[in-house]
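Trainee: Dropping in my_file09.pdb, with PDB, C-alpha atoms and all ligand atoms.
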```
ATOM      1  CA  MET A  16     -31.500  15.039 -34.737
ATOM      2  CA  SER A  17     -30.988  15.214 -38.472
ATOM      3  CA  PRO A  18     -29.484  12.189 -40.256
ATOM      4  CA  ARG A  19     -26.267  14.157 -40.639
ATOM      5  CA  GLU A  20     -26.060  14.835 -36.904
ATOM      6  CA  ARG A  21     -26.878  11.206 -36.104
ATOM      7  CA  LEU A  22     -23.969  10.031 -38.240
ATOM      8  CA  ALA A  23     -21.546  12.463 -36.588
ATOM      9  CA  VAL A  24     -22.607  11.246 -33.138
ATOM     10  CA  ILE A  25     -22.193   7.596 -34.149
ATOM     11  CA  LEU A  26     -18.724   8.091 -35.623
ATOM     12  CA  ARG A  27     -17.441  10.276 -32.808
ATOM     13  CA  LYS A  28     -18.523   7.725 -30.247
ATOM     14  CA  ASN A  29     -17.002   4.825 -32.122
ATOM     15  CA  TRP A  30     -14.147   5.764 -34.378
ATOM     16  CA  LEU A  31     -13.077   2.211 -35.274
ATOM     17  CA  ILE A  32     -15.358   0.542 -37.794
ATOM     18  CA  PRO A  33     -14.935  -3.027 -38.901
ATOM     19  CA  VAL A  34     -15.846  -3.562 -42.543
ATOM     20  CA  ILE A  35     -17.494  -6.958 -42.381
ATOM     21  CA  ALA A  36     -18.270  -9.336 -45.265
ATOM     22  CA  ILE A  37     -20.036 -12.339 -43.788
ATOM     23  CA  GLU A  38     -20.039 -15.613 -45.711
ATOM     24  CA  ASP A  39     -21.912 -17.597 -43.057
ATOM     25  CA  ALA A  40     -24.849 -15.921 -41.311
ATOM     26  CA  GLY A  41     -24.282 -18.250 -38.352
ATOM     27  CA  ALA A  42     -21.056 -16.358 -37.630
ATOM     28  CA  ALA A  43     -22.747 -12.951 -37.532
ATOM     29  CA  VAL A  44     -23.893 -12.813 -33.924
ATOM     30  CA  PRO A  45     -20.748 -14.276 -32.300
ATOM     31  CA  LEU A  46     -18.598 -12.001 -34.470
ATOM     32  CA  ALA A  47     -20.583  -8.920 -33.468
ATOM     33  CA  GLN A  48     -20.462  -9.984 -29.822
ATOM     34  CA  ALA A  49     -16.688 -10.487 -30.018
ATOM     35  CA  LEU A  50     -16.226  -6.985 -31.420
ATOM     36  CA  VAL A  51     -18.539  -5.442 -28.834
ATOM     37  CA  ALA A  52     -16.579  -7.256 -26.094
ATOM     38  CA  GLY A  53     -13.449  -5.545 -27.444
ATOM     39  CA  GLY A  54     -15.117  -2.128 -27.296
ATOM     40  CA  VAL A  55     -15.950  -1.865 -30.996
ATOM     41  CA  THR A  56     -19.683  -1.305 -31.240
ATOM     42  CA  THR A  57     -20.234   0.407 -34.589
ATOM     43  CA  LEU A  58     -20.149  -2.130 -37.415
ATOM     44  CA  GLU A  59     -20.300  -1.772 -41.180
ATOM     45  CA  VAL A  60     -21.823  -5.001 -42.453
ATOM     46  CA  THR A  61     -21.545  -5.060 -46.214
ATOM     47  CA  LEU A  62     -24.075  -6.297 -48.745
ATOM     48  CA  ARG A  63     -21.251  -8.071 -50.595
ATOM     49  CA  THR A  64     -22.162 -11.639 -49.720
ATOM     50  CA  ALA A  65     -25.183 -13.881 -50.191
ATOM     51  CA  ALA A  66     -25.488 -14.187 -46.408
ATOM     52  CA  ALA A  67     -25.429 -10.428 -45.815
ATOM     53  CA  ALA A  68     -29.146  -9.764 -45.305
ATOM     54  CA  ASP A  69     -29.580 -12.702 -42.943
ATOM     55  CA  ALA A  70     -26.427 -11.692 -41.050
ATOM     56  CA  ILE A  71     -27.488  -8.054 -40.684
ATOM     57  CA  GLY A  72     -30.966  -9.050 -39.481
ATOM     58  CA  ARG A  73     -29.506 -11.356 -36.857
ATOM     59  CA  ILE A  74     -27.070  -8.749 -35.525
ATOM     60  CA  VAL A  75     -29.776  -6.073 -35.374
ATOM     61  CA  ARG A  76     -32.116  -8.414 -33.467
ATOM     62  CA  GLU A  77     -29.657 -10.206 -31.220
ATOM     63  CA  VAL A  78     -26.836  -7.743 -30.481
ATOM     64  CA  PRO A  79     -28.564  -4.566 -29.321
ATOM     65  CA  GLN A  80     -25.275  -3.066 -28.118
ATOM     66  CA  ALA A  81     -24.106  -2.837 -31.719
ATOM     67  CA  THR A  82     -24.793   0.148 -33.963
ATOM     68  CA  VAL A  83     -25.241  -1.406 -37.382
ATOM     69  CA  GLY A  84     -24.422   0.359 -40.608
ATOM     70  CA  VAL A  85     -25.121  -1.374 -43.882
ATOM     71  CA  GLY A  86     -22.206  -1.094 -46.284
ATOM     72  CA  THR A  87     -21.519  -1.500 -49.986
ATOM     73  CA  ILE A  88     -24.675   0.401 -50.883
ATOM     74  CA  ARG A  89     -24.523   0.636 -54.679
ATOM     75  CA  SER A  90     -28.100   1.610 -55.615
ATOM     76  CA  ALA A  91     -31.361   3.084 -54.368
ATOM     77  CA  ASP A  92     -32.633  -0.502 -53.969
ATOM     78  CA  ASP A  93     -29.757  -1.207 -51.601
ATOM     79  CA  VAL A  94     -30.837   1.799 -49.529
ATOM     80  CA  GLU A  95     -34.307   0.267 -49.203
ATOM     81  CA  ARG A  96     -32.811  -3.077 -48.219
ATOM     82  CA  ALA A  97     -30.666  -1.383 -45.595
ATOM     83  CA  VAL A  98     -33.647   0.409 -44.084
ATOM     84  CA  ASP A  99     -35.747  -2.767 -44.100
ATOM     85  CA  LEU A 100     -32.955  -4.605 -42.318
ATOM     86  CA  GLY A 101     -32.848  -2.015 -39.531
ATOM     87  CA  ALA A 102     -29.665  -0.163 -40.483
ATOM     88  CA  GLN A 103     -28.860   2.905 -38.425
ATOM     89  CA  PHE A 104     -26.765   4.299 -41.239
ATOM     90  CA  GLY A 105     -25.620   3.413 -44.735
ATOM     91  CA  VAL A 106     -22.149   3.354 -46.249
ATOM     92  CA  SER A 107     -21.369   3.453 -49.965
ATOM     93  CA  PRO A 108     -18.049   2.953 -51.777
ATOM     94  CA  GLY A 109     -18.939   5.807 -54.151
ATOM     95  CA  THR A 110     -22.227   7.615 -54.579
ATOM     96  CA  THR A 111     -24.820   8.709 -57.101
ATOM     97  CA  PRO A 112     -27.610  11.307 -56.963
ATOM     98  CA  LYS A 113     -30.107   8.392 -56.813
ATOM     99  CA  ILE A 114     -28.467   7.014 -53.684
ATOM    100  CA  TYR A 115     -28.494  10.451 -52.038
ATOM    101  CA  ALA A 116     -32.167  10.873 -52.917
ATOM    102  CA  ALA A 117     -33.104   7.441 -51.569
ATOM    103  CA  CYS A 118     -31.289   8.092 -48.289
ATOM    104  CA  ALA A 119     -32.956  11.474 -47.896
ATOM    105  CA  ALA A 120     -36.387   9.957 -48.576
ATOM    106  CA  ALA A 121     -35.735   7.198 -46.029
ATOM    107  CA  ASN A 122     -34.176   9.560 -43.460
ATOM    108  CA  LEU A 123     -31.143   7.260 -43.419
ATOM    109  CA  PRO A 124     -27.777   8.809 -42.515
ATOM    110  CA  LEU A 125     -25.273   8.131 -45.295
ATOM    111  CA  LEU A 126     -21.504   7.893 -45.154
ATOM    112  CA  PRO A 127     -20.832   8.371 -48.862
ATOM    113  CA  GLY A 128     -17.705   7.111 -50.547
ATOM    114  CA  ALA A 129     -15.594   9.892 -52.037
ATOM    115  CA  ALA A 130     -12.003   9.891 -53.233
ATOM    116  CA  THR A 131     -11.850  12.993 -55.430
ATOM    117  CA  ALA A 132     -12.657  16.696 -55.138
ATOM    118  CA  SER A 133     -15.658  16.279 -57.466
ATOM    119  CA  GLU A 134     -17.074  13.423 -55.388
ATOM    120  CA  ILE A 135     -16.618  15.555 -52.279
ATOM    121  CA  LEU A 136     -18.453  18.438 -53.950
ATOM    122  CA  LEU A 137     -21.339  16.082 -54.748
ATOM    123  CA  ALA A 138     -21.409  14.947 -51.111
ATOM    124  CA  LEU A 139     -21.454  18.546 -49.886
ATOM    125  CA  GLU A 140     -24.266  19.390 -52.325
ATOM    126  CA  HIS A 141     -26.265  16.704 -50.573
ATOM    127  CA  GLY A 142     -25.458  17.927 -47.077
ATOM    128  CA  CYS A 143     -22.863  15.267 -46.245
ATOM    129  CA  GLU A 144     -19.871  16.706 -44.415
ATOM    130  CA  ILE A 145     -18.356  13.356 -43.491
ATOM    131  CA  VAL A 146     -17.193  11.061 -46.292
ATOM    132  CA  LYS A 147     -15.748   7.592 -46.515
ATOM    133  CA  PHE A 148     -12.374   8.172 -48.181
ATOM    134  CA  PHE A 149     -12.131   4.989 -50.234
ATOM    135  CA  PRO A 150      -9.950   3.263 -51.305
ATOM    136  CA  ALA A 151      -7.778   5.193 -48.878
ATOM    137  CA  VAL A 152      -4.277   3.880 -49.579
ATOM    138  CA  PRO A 153      -4.545   3.412 -53.368
ATOM    139  CA  ALA A 154      -6.308   6.787 -53.690
ATOM    140  CA  GLY A 155      -3.326   8.635 -52.282
ATOM    141  CA  GLY A 156      -3.282   7.820 -48.603
ATOM    142  CA  ILE A 157      -2.680  10.360 -45.885
ATOM    143  CA  ALA A 158      -1.097  12.810 -48.354
ATOM    144  CA  ALA A 159      -4.349  12.876 -50.342
ATOM    145  CA  ILE A 160      -6.424  13.678 -47.250
ATOM    146  CA  LYS A 161      -4.043  16.472 -46.315
ATOM    147  CA  ALA A 162      -4.285  17.895 -49.844
ATOM    148  CA  LEU A 163      -8.100  17.637 -49.954
ATOM    149  CA  ARG A 164      -8.308  19.482 -46.621
ATOM    150  CA  GLY A 165      -7.001  22.575 -48.457
ATOM    151  CA  PRO A 166     -10.186  23.326 -50.400
ATOM    152  CA  PHE A 167     -12.404  21.497 -47.875
ATOM    153  CA  PRO A 168     -11.071  22.493 -44.440
ATOM    154  CA  SER A 169     -14.188  21.521 -42.499
ATOM    155  CA  LEU A 170     -14.759  18.173 -44.198
ATOM    156  CA  GLN A 171     -14.351  15.059 -42.063
ATOM    157  CA  PHE A 172     -13.060  11.761 -43.350
ATOM    158  CA  CYS A 173     -13.541   8.123 -42.490
ATOM    159  CA  PRO A 174     -10.777   6.466 -44.516
ATOM    160  CA  THR A 175     -11.010   2.769 -45.379
ATOM    161  CA  GLY A 176      -9.026   0.563 -47.710
ATOM    162  CA  GLY A 177      -5.530  -0.452 -46.661
ATOM    163  CA  ILE A 178      -5.750   0.494 -42.985
ATOM    164  CA  ASN A 179      -4.541  -2.026 -40.438
ATOM    165  CA  GLU A 180      -3.385  -2.368 -36.864
ATOM    166  CA  ALA A 181       0.151  -1.267 -37.713
ATOM    167  CA  ASN A 182      -0.743   1.995 -39.473
ATOM    168  CA  LEU A 183      -4.021   3.031 -37.810
ATOM    169  CA  SER A 184      -2.376   5.480 -35.401
ATOM    170  CA  ASP A 185      -0.931   7.395 -38.362
ATOM    171  CA  TRP A 186      -4.401   7.739 -39.888
ATOM    172  CA  LEU A 187      -6.068   8.772 -36.652
ATOM    173  CA  ALA A 188      -3.488  11.515 -36.191
ATOM    174  CA  VAL A 189      -4.455  13.219 -39.478
ATOM    175  CA  PRO A 190      -6.532  16.388 -38.988
ATOM    176  CA  GLY A 191     -10.052  15.841 -40.297
ATOM    177  CA  VAL A 192     -10.074  12.088 -39.716
ATOM    178  CA  ILE A 193     -13.090  11.404 -37.514
ATOM    179  CA  ALA A 194     -13.036   7.602 -37.749
ATOM    180  CA  ILE A 195     -11.308   4.806 -39.618
ATOM    181  CA  GLY A 196     -12.515   1.486 -40.925
ATOM    182  CA  GLY A 197     -11.346  -1.747 -42.398
ATOM    183  CA  SER A 198     -11.469  -5.473 -42.572
ATOM    184  CA  TRP A 199      -8.487  -6.037 -40.281
ATOM    185  CA  LEU A 200     -10.936  -5.920 -37.343
ATOM    186  CA  ALA A 201     -12.837  -8.961 -38.633
ATOM    187  CA  PRO A 202     -10.260 -11.012 -40.539
ATOM    188  CA  ASP A 203     -11.638 -13.849 -42.678
ATOM    189  CA  ASP A 204      -9.278 -16.457 -41.276
ATOM    190  CA  LYS A 205     -10.265 -15.714 -37.682
ATOM    191  CA  VAL A 206     -13.980 -15.678 -38.547
ATOM    192  CA  ARG A 207     -13.672 -19.005 -40.380
ATOM    193  CA  ALA A 208     -11.799 -20.472 -37.402
ATOM    194  CA  ARG A 209     -14.478 -19.104 -35.046
ATOM    195  CA  ASP A 210     -11.637 -17.547 -33.060
ATOM    196  CA  TRP A 211     -13.762 -14.943 -31.324
ATOM    197  CA  ASP A 212     -11.222 -14.306 -28.565
ATOM    198  CA  ALA A 213      -8.643 -13.326 -31.196
ATOM    199  CA  ILE A 214     -11.131 -10.881 -32.703
ATOM    200  CA  THR A 215     -11.870  -9.341 -29.307
ATOM    201  CA  ASP A 216      -8.109  -8.968 -28.785
ATOM    202  CA  ILE A 217      -7.637  -7.247 -32.159
ATOM    203  CA  ALA A 218     -10.471  -4.836 -31.293
ATOM    204  CA  ARG A 219      -9.004  -4.079 -27.862
ATOM    205  CA  ARG A 220      -5.466  -3.618 -29.169
ATOM    206  CA  SER A 221      -6.682  -1.382 -31.998
ATOM    207  CA  ARG A 222      -8.658   0.815 -29.621
ATOM    208  CA  ALA A 223      -5.658   1.115 -27.331
ATOM    209  CA  ARG A 224      -3.525   2.464 -30.195
ATOM    210  CA  ARG A 225      -5.379   5.748 -30.011
ATOM    211  CA  ALA A 226      -3.989   6.362 -26.537
ATOM    212  CA  THR A 227      -0.602   6.744 -28.206
ATOM    213  CA  ILE A 228      -1.603   9.778 -30.294
ATOM    214  CA  ALA A 229      -2.532  13.314 -29.353
ATOM    215  CA  ALA A 230      -6.274  13.790 -28.830
TER     216      ALA A 230
HETATM  217  C1  LIG B 301     -14.041  -1.122 -47.636
HETATM  218  O1  LIG B 301     -15.051  -1.389 -48.253
HETATM  219  O2  LIG B 301     -13.987  -0.183 -46.850
HETATM  220  C2  LIG B 301     -12.799  -1.896 -47.888
HETATM  221  O3  LIG B 301     -13.032  -3.048 -48.627
HETATM  222  C3  LIG B 301     -12.009  -2.206 -46.688
HETATM  223  O4  LIG B 301     -10.712  -2.313 -47.108
HETATM  224  P1  LIG B 301      -9.636  -3.194 -46.356
HETATM  225  O5  LIG B 301     -10.007  -4.623 -46.600
HETATM  226  O6  LIG B 301      -8.321  -2.834 -46.997
HETATM  227  O7  LIG B 301      -9.678  -2.867 -44.906
END
```
How would this structure read if it were set down as structure tokens?

Mentor:
Amino acid sequence: MSPRERLAVILRKNWLIPVIAIEDAGAAVPLAQALVAGGVTTLEVTLRTAAAADAIGRIVREVPQATVGVGTIRSADDVERAVDLGAQFGVSPGTTPKIYAACAAANLPLLPGAATASEILLALEHGCEIVKFFPAVPAGGIAAIKALRGPFPSLQFCPTGGINEANLSDWLAVPGVIAIGGSWLAPDDKVRARDWDAITDIARRSRARRATIAA
């Protein structure tokens, strides 16, 4: 399978993606296990924190049920780090030709950040037909996705930024939305409190919300 096909398979299988910023690597494995227990097995673990690399390594080694994407890729060096850490895909908030080239060279599927028509055109030029629509709410929300579907009817979106348990059903109901992501699935306060049961409950409840919308 090509990297592009691998990404589509991953996102179709697991359409709820926690965007995780881990401050304490010791929380990584129990957090990942709590999410997996709630049926959420595809994780975006961001490179935003000092503990990120340690956390990603631990999840990759110790939670084999999880599909780990490395997020907040901002450079070609970050792509290398992601590959070295065992990422199955990369996620970027926006993207540059250097990042596309590094992902292609490493055979790493990329979910590139794109919030404008020009950024989408750049993604398409690099063979990416699924984009992370970020920051989803500030960049125009559902209305923006509907408008962008005009010129790009076959594009698929994974919106993140401002999505939560209360509004996720609205996002999932938008044509072209293949998956959604956000930090509500791994809230800082619950991670700090080591309240893994609460995180499993959030994951379960969020998954169940899809049952309320048309397939
Ligand atoms: C991301 O990188 O996708 C966002 O930081 C997630 O945004 P949220 O915290 O609003 O879910």

Trainee: Counting all atoms listed in the file, find the residues whose atoms lie at most 12 Å from (-29.2, 12.9, -57.8) (file coordinates) and write them out as a ChimeraX atom specification.

Mentor: /A:90-91,110-119,137-138,140-141

Trainee: List as a PDB file with C-alpha atoms, in the coordinates of the input the protein and nucleic acid residues lying within 6 Å of ligand LIG 301 (chain B), with only C-alpha atoms and all ligand atoms counted.

Mentor:
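Contents of the output file selection_14.pdb:
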```pdb
ATOM      1  CA  VAL A  34     -15.846  -3.562 -42.543  1.00  0.00           C
ATOM      2  CA  THR A 175     -11.010   2.769 -45.379  1.00  0.00           C
ATOM      3  CA  GLY A 176      -9.026   0.563 -47.710  1.00  0.00           C
ATOM      4  CA  GLY A 177      -5.530  -0.452 -46.661  1.00  0.00           C
ATOM      5  CA  ILE A 178      -5.750   0.494 -42.985  1.00  0.00           C
ATOM      6  CA  GLY A 197     -11.346  -1.747 -42.398  1.00  0.00           C
ATOM      7  CA  SER A 198     -11.469  -5.473 -42.572  1.00  0.00           C
ATOM      8  CA  TRP A 199      -8.487  -6.037 -40.281  1.00  0.00           C
TER       9      TRP A 199
END
```

Trainee: Atom CA of A:Leu31 and atom CA of A:Thr57 are how many Å apart?

Mentor: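 Distance between the two atoms: 7.4 Å.
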
Trainee: In the coordinate frame of the file, compute which residues have an atom within 6 Å of (-23.2, -1.3, -49.3) when using only C-alpha atoms, and state them as a PyMOL selection string.

Mentor: chain A and resi 61-62+85-89+106-107

Trainee: Take the residues just selected and output them with C-alpha atoms as a PDB file, in the frame of the given file.

Mentor:
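In the end it all went to part-v4.pdb:
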```
ATOM      1  CA  THR A  61     -21.545  -5.060 -46.214  1.00  0.00           C
ATOM      2  CA  LEU A  62     -24.075  -6.297 -48.745  1.00  0.00           C
ATOM      3  CA  VAL A  85     -25.121  -1.374 -43.882  1.00  0.00           C
ATOM      4  CA  GLY A  86     -22.206  -1.094 -46.284  1.00  0.00           C
ATOM      5  CA  THR A  87     -21.519  -1.500 -49.986  1.00  0.00           C
ATOM      6  CA  ILE A  88     -24.675   0.401 -50.883  1.00  0.00           C
ATOM      7  CA  ARG A  89     -24.523   0.636 -54.679  1.00  0.00           C
ATOM      8  CA  VAL A 106     -22.149   3.354 -46.249  1.00  0.00           C
ATOM      9  CA  SER A 107     -21.369   3.453 -49.965  1.00  0.00           C
TER      10      SER A 107
END
```

Trainee: Within 12 Å of A:Arg219, counting only C-alpha atoms, which residues show up once you throw out same-chain ones fewer than 4 positions away? Write them as a PyMOL selection string, please.

Mentor: chain A and resi 31+49-56+180+200+212-215+223-226

Trainee: Nearest to A:Val83 among A:Val189, A:Val206, A:Ala66, A:Ala43, with distances taken over all atoms listed in the file: which residue is it?

Mentor: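 Going through A:Val189, A:Val206, A:Ala66, A:Ala43 one by one, the smallest distance to A:Val83 is for A:Ala43.
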
Trainee: Give the centre and edge lengths of an axis-aligned box, in Å to one decimal, that holds all listed atoms of stretch 198-206 of chain A with 5 Å on each side, as lines of an AutoDock Vina configuration file.

Mentor:
```
center_x = -11.2
center_y = -11.0
center_z = -40.0
size_x = 15.5
size_y = 21.0
size_z = 15.3
```

Trainee: For this structure, which residues satisfy the selection - the PyMOL selection byres (((chain A and resi 24) around 12) and not hetatm) - when it is evaluated on the file as given? I want them as a PDB file with C-alpha atoms, in the frame of the given file.

Mentor:
```pdb
ATOM      1  CA  MET A  16     -31.500  15.039 -34.737  1.00  0.00           C
ATOM      2  CA  SER A  17     -30.988  15.214 -38.472  1.00  0.00           C
ATOM      3  CA  PRO A  18     -29.484  12.189 -40.256  1.00  0.00           C
ATOM      4  CA  ARG A  19     -26.267  14.157 -40.639  1.00  0.00           C
ATOM      5  CA  GLU A  20     -26.060  14.835 -36.904  1.00  0.00           C
ATOM      6  CA  ARG A  21     -26.878  11.206 -36.104  1.00  0.00           C
ATOM      7  CA  LEU A  22     -23.969  10.031 -38.240  1.00  0.00           C
ATOM      8  CA  ALA A  23     -21.546  12.463 -36.588  1.00  0.00           C
ATOM      9  CA  ILE A  25     -22.193   7.596 -34.149  1.00  0.00           C
ATOM     10  CA  LEU A  26     -18.724   8.091 -35.623  1.00  0.00           C
ATOM     11  CA  ARG A  27     -17.441  10.276 -32.808  1.00  0.00           C
ATOM     12  CA  LYS A  28     -18.523   7.725 -30.247  1.00  0.00           C
ATOM     13  CA  ASN A  29     -17.002   4.825 -32.122  1.00  0.00           C
ATOM     14  CA  TRP A  30     -14.147   5.764 -34.378  1.00  0.00           C
ATOM     15  CA  THR A  57     -20.234   0.407 -34.589  1.00  0.00           C
ATOM     16  CA  THR A  82     -24.793   0.148 -33.963  1.00  0.00           C
ATOM     17  CA  GLN A 103     -28.860   2.905 -38.425  1.00  0.00           C
ATOM     18  CA  PHE A 104     -26.765   4.299 -41.239  1.00  0.00           C
ATOM     19  CA  PRO A 124     -27.777   8.809 -42.515  1.00  0.00           C
ATOM     20  CA  ILE A 145     -18.356  13.356 -43.491  1.00  0.00           C
ATOM     21  CA  ILE A 193     -13.090  11.404 -37.514  1.00  0.00           C
ATOM     22  CA  ALA A 194     -13.036   7.602 -37.749  1.00  0.00           C
TER      23      ALA A 194
END
```

Trainee: Of the candidates A:Asp39, A:Asp204, A:Asp210, A:Asp216, which one gets nearest to A:Arg73 if we count only C-alpha atoms?

Mentor: A:Asp39

Trainee: For the atom pair atom CA of A:Ala40 and atom CA of A:Ile195, what is the interatomic distance in Å to one decimal place?

Mentor: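 Distance reported for this atom pair: 24.8 Å.
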
Trainee: In terms of the shortest atom-to-atom distance over all atoms listed in the file, which of A:Ala154, A:Ile74, A:Leu183, A:Ile135 is closest to A:Phe167?

Mentor: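 Once distances to A:Phe167 are computed over all atoms listed in the file, the minimum belongs to A:Ile135.
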
Trainee: On this file, the PyMOL selection byres (((chain A and resi 190) around 9) and not hetatm) gives some set of residues; write that set as a list in words.

Mentor: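 This file gives the following for the PyMOL selection byres (((chain A and resi 190) around 9) and not hetatm): Ile160, Lys161, Arg164, Gln171, Trp186, Leu187, Ala188, Val189, Gly191, Val192 and Ile193 of chain A.
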
Trainee: Restricting the calculation to all atoms listed in the file, which member of A:Gly41, A:Pro202, A:Gly72, A:Pro127 is positioned closest to A:Asn179?

Mentor: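 Of A:Gly41, A:Pro202, A:Gly72, A:Pro127, the one nearest A:Asn179, counting all atoms listed in the file, is A:Pro202.
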
Trainee: Choose the residue, out of A:Thr131, A:Asn122, A:Gln80, A:Ser169, that has the smallest atom-to-atom separation from A:Glu95; count only C-alpha atoms.

Mentor: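 When distances to A:Glu95 are compared using only C-alpha atoms, the smallest one comes from A:Asn122.
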